[in-house]
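Data first, discussion second: the structure below is written as structure tokens.
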Number of protein chains: 2
Amino acid sequence: MTGKVFVDLAISLDGYSAGPDAGPDNPIGTNGPGLHNWMYEQAAFIGGHGDEGGLTGPDNDLILEKINRAGAFILGRRMFDEGEVHWGDPSPFDGPVFVLTNSPREPWKRKNNTFYFVTDGIESALAKARAAAGDKDVQISGGADTVRQYLDAGLIDDMELHIAPVLLGAGNRLFEGIAPGLRELTPTRVQDSPYGVVHLRYDLPR
Amino acid sequence: MTGKVFVDLAISLDGYSAGPDAGPDNPIGTNGPGLHNWMYEQAAFIGGHGDEGGLTGPDNDLILEKINRAGAFILGRRMFDEGEVHWGDPSPFDGPVFVLTNSPREPWKRKNNTFYFVTDGIESALAKARAAAGDKDVQISGGADTVRQYLDAGLIDDMELHIAPVLLGAGNRLFEGIAPGLRELTPTRVQDSPYGVVHLRYDLPR
């Protein structure tokens, strides 16, 4: 095994990675896009969407670090459905994406990458993503349901959470319904930000 | 209005302020006491329980700051019931405590303070606590249900959360069932710790 398996998600202080009523017409749910406010002005984010300009600094460095380590991506079907109608060509993913689904589908080719649809489970998707990533890491991109499945299977090495300074009170909560029981994490980094977000990084027990 | 109304609670990374099956025989619930690991060796905590010794430094300073600002305390009935059989005399509260309850009871006097039982609601308890605190602040000590009631009533000025590096997957979640809708908080402090906890402080909208 070479690369690591990682998660990088923004959540509200009350733990939601998406607001309520998320769907293709309302990506990230009501009030959900605000979880990512710290990101939108950063050069690496703007560049990832094909535009120029933006800020550099510690927040931007975090995005660059994430981009540079990820060699392949795993998405849940709902996150893909929410994104498909909005992502352009090239897509925001600079590497192969494996979508967990029950509905077989031919690969969806973009200028910069291909989306593959995996119908035989999370471990199969991870094996495919690992092979595609080579020496790089695999990012479990989301949504929350997909992260939870990999978390409960003990397949995540590390996790960066961007805690946004908001309460949502509703939506899709990242850690809703994980297996009960104590899991001790190893904090590896705390990074403050002028955007009010705090970036927390943890290694997970395997 | 003079003093502030504040909350100071440890929670797991998945948001639980107590583990499952909490009660007088299992205070803070299963795996709940571990949320406070950063606190147990600090001089201010040890001194608050009548003993000597312990560590000093930034974590200890946080405890001292909290102790010094609190002039009165508000507790929910379940937190009181969990604690009553364990708290000695003097109690761990250096000031009057107002317990929210439906069952009238005569004040419970300890060497260092008195517990009063308030049956006419959270606003009445807060008015009594404010009057008792004078120029000092009122701490909504918990549990989570009580914090949520004051939060939804817009009566909390600021909140310090100590995010412990654990997942519990079960228990009493601090922000479970708050009113849905966006609330934007103002972060005022991020403090890292050698104990793996991160201390996050926010001002709340009023």
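Ordered as shown in the structure tokens, chains take letters A, B, and onward, while each chain numbers its residues from 1 and ligands are numbered from 1 in the order shown.
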Sorted by chain and rising residue number, list the residues of chain B at most 9 Å from chain A (counting only C-alpha atoms), each with its closest atom pair and distance in Å to one decimal, as CSV.
residue,atom,partner,partner_atom,distance
B:Leu13,CA,A:Gly15,CA,8.6
B:Asp14,CA,A:Phe175,CA,5.7
B:Gly15,CA,A:Asp14,CA,6.9
B:Thr30,CA,A:Gly181,CA,8.9
B:Asn31,CA,A:Leu182,CA,6.7
B:Pro165,CA,A:Leu185,CA,5.3
B:Val166,CA,A:Glu184,CA,4.6
B:Leu167,CA,A:Arg183,CA,5.0
B:Leu168,CA,A:Leu182,CA,4.8
B:Gly169,CA,A:Pro180,CA,4.0
B:Ala170,CA,A:Pro180,CA,5.2
B:Gly171,CA,A:Pro180,CA,8.8
B:Leu174,CA,A:Asp14,CA,8.1
B:Phe175,CA,A:Asp14,CA,5.7
B:Glu176,CA,A:Gly169,CA,7.7
B:Gly177,CA,A:Gly169,CA,6.9
B:Ile178,CA,A:Gly169,CA,5.5
B:Ala179,CA,A:Gly169,CA,5.7
B:Pro180,CA,A:Gly169,CA,4.0
B:Gly181,CA,A:Leu168,CA,5.3
B:Leu182,CA,A:Leu168,CA,4.8
B:Arg183,CA,A:Leu167,CA,5.0
B:Glu184,CA,A:Val166,CA,4.5
B:Leu185,CA,A:Pro165,CA,5.3
B:Thr186,CA,A:Pro165,CA,6.7
B:Pro187,CA,A:Gly196,CA,5.7
B:Thr188,CA,A:Gly196,CA,8.5
B:Val190,CA,A:Asp192,CA,6.7
B:Gln191,CA,A:Val190,CA,8.8
B:Asp192,CA,A:Val190,CA,6.7
B:Gly196,CA,A:Pro187,CA,5.8
B:Val197,CA,A:Pro187,CA,8.2
B:Val198,CA,A:Val190,CA,7.8
B:Leu200,CA,A:Val198,CA,8.7
B:Tyr202,CA,A:Pro165,CA,7.9
Item to check | Exercise: segment 106-118 of chain B partners within 6 Å, only C-alpha atoms, chain neighbours under 2 positions left out, as a ChimeraX atom specification | outcome: /B:89-90,95-101,120
Export, as a PDB file, in the first residue's frame, the selected residues with C-alpha atoms.
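Once written, part_15.pdb looks like this:
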ATOM      1  CA  ASP B  89     -18.942  20.012  50.585  1.00  0.00           C
ATOM      2  CA  PRO B  90     -17.613  22.552  49.590  1.00  0.00           C
ATOM      3  CA  GLY B  95     -21.135  31.005  43.678  1.00  0.00           C
ATOM      4  CA  PRO B  96     -24.906  30.529  43.732  1.00  0.00           C
ATOM      5  CA  VAL B  97     -26.305  27.861  41.427  1.00  0.00           C
ATOM      6  CA  PHE B  98     -29.797  28.006  39.924  1.00  0.00           C
ATOM      7  CA  VAL B  99     -31.192  24.619  38.961  1.00  0.00           C
ATOM      8  CA  LEU B 100     -33.981  24.458  36.363  1.00  0.00           C
ATOM      9  CA  THR B 101     -36.575  21.977  37.566  1.00  0.00           C
ATOM     10  CA  ASP B 120     -40.742  29.165  36.596  1.00  0.00           C
TER      11      ASP B 120
END
Checklist entry - Can you tell me how far atom CA of Gly134 of chain B sits from atom CA of Ile63 of chain B, in Å to one decimal? => result 20.7 Å
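Excluding segment 145-149 of chain A and any residue on its chain fewer than 3 positions from it, the residues at most 10 Å away by only C-alpha atoms are Phe6, Val7, Asp8, Leu9, Ile74, Leu75, Gly76, Arg77, Arg78, Met79, Leu100, Ile122, Gln139, Ile140, Ser141, Gly142, Asp152, Ala153, Gly154, Leu155, Ile156, Asn172, Arg173, Leu174, Phe175, Glu176, Gly177, Ile178 and Ala179 of chain A.
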Checklist entry - Among chain A, which ones does DSSP place in strand (DSSP E), written as a ChimeraX atom specification? => result /A:5-12,16-18,70-76,97-100,108-109,114-118,137-142,158-164,166-167,172-173,183-184,186-191,198-203
Checklist entry - Hey, what does DSSP flag as alpha helix (DSSP H) within segment 87-194 of chain A? Can you give it to me as a list in words? => result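 Matching residues, listed in order: Ile122, Glu123, Ser124, Ala125, Leu126, Ala127, Lys128, Ala129, Arg130, Ala131, Ala132, Ala133, Ala144, Asp145, Thr146, Val147, Arg148, Gln149, Tyr150, Leu151 and Asp152 of chain A.
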Next on the checklist: I'd like the neighbourhood of Ile28 of chain B as a PyMOL selection string, where a residue qualifies if any of its atoms comes within 8 Å (using only C-alpha atoms), though same-chain residues fewer than 4 positions away should be ignored.
Outcome noted: chain B and resi 17-19+22-23+32-33
Item to check | Distance criterion (only C-alpha atoms): nearest to His162 of chain A out of A:Asp59, A:Asp25, A:Glu41, A:Asp51 | outcome: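 Checking each candidate against His162 of chain A, we get A:Asp59 as the closest.
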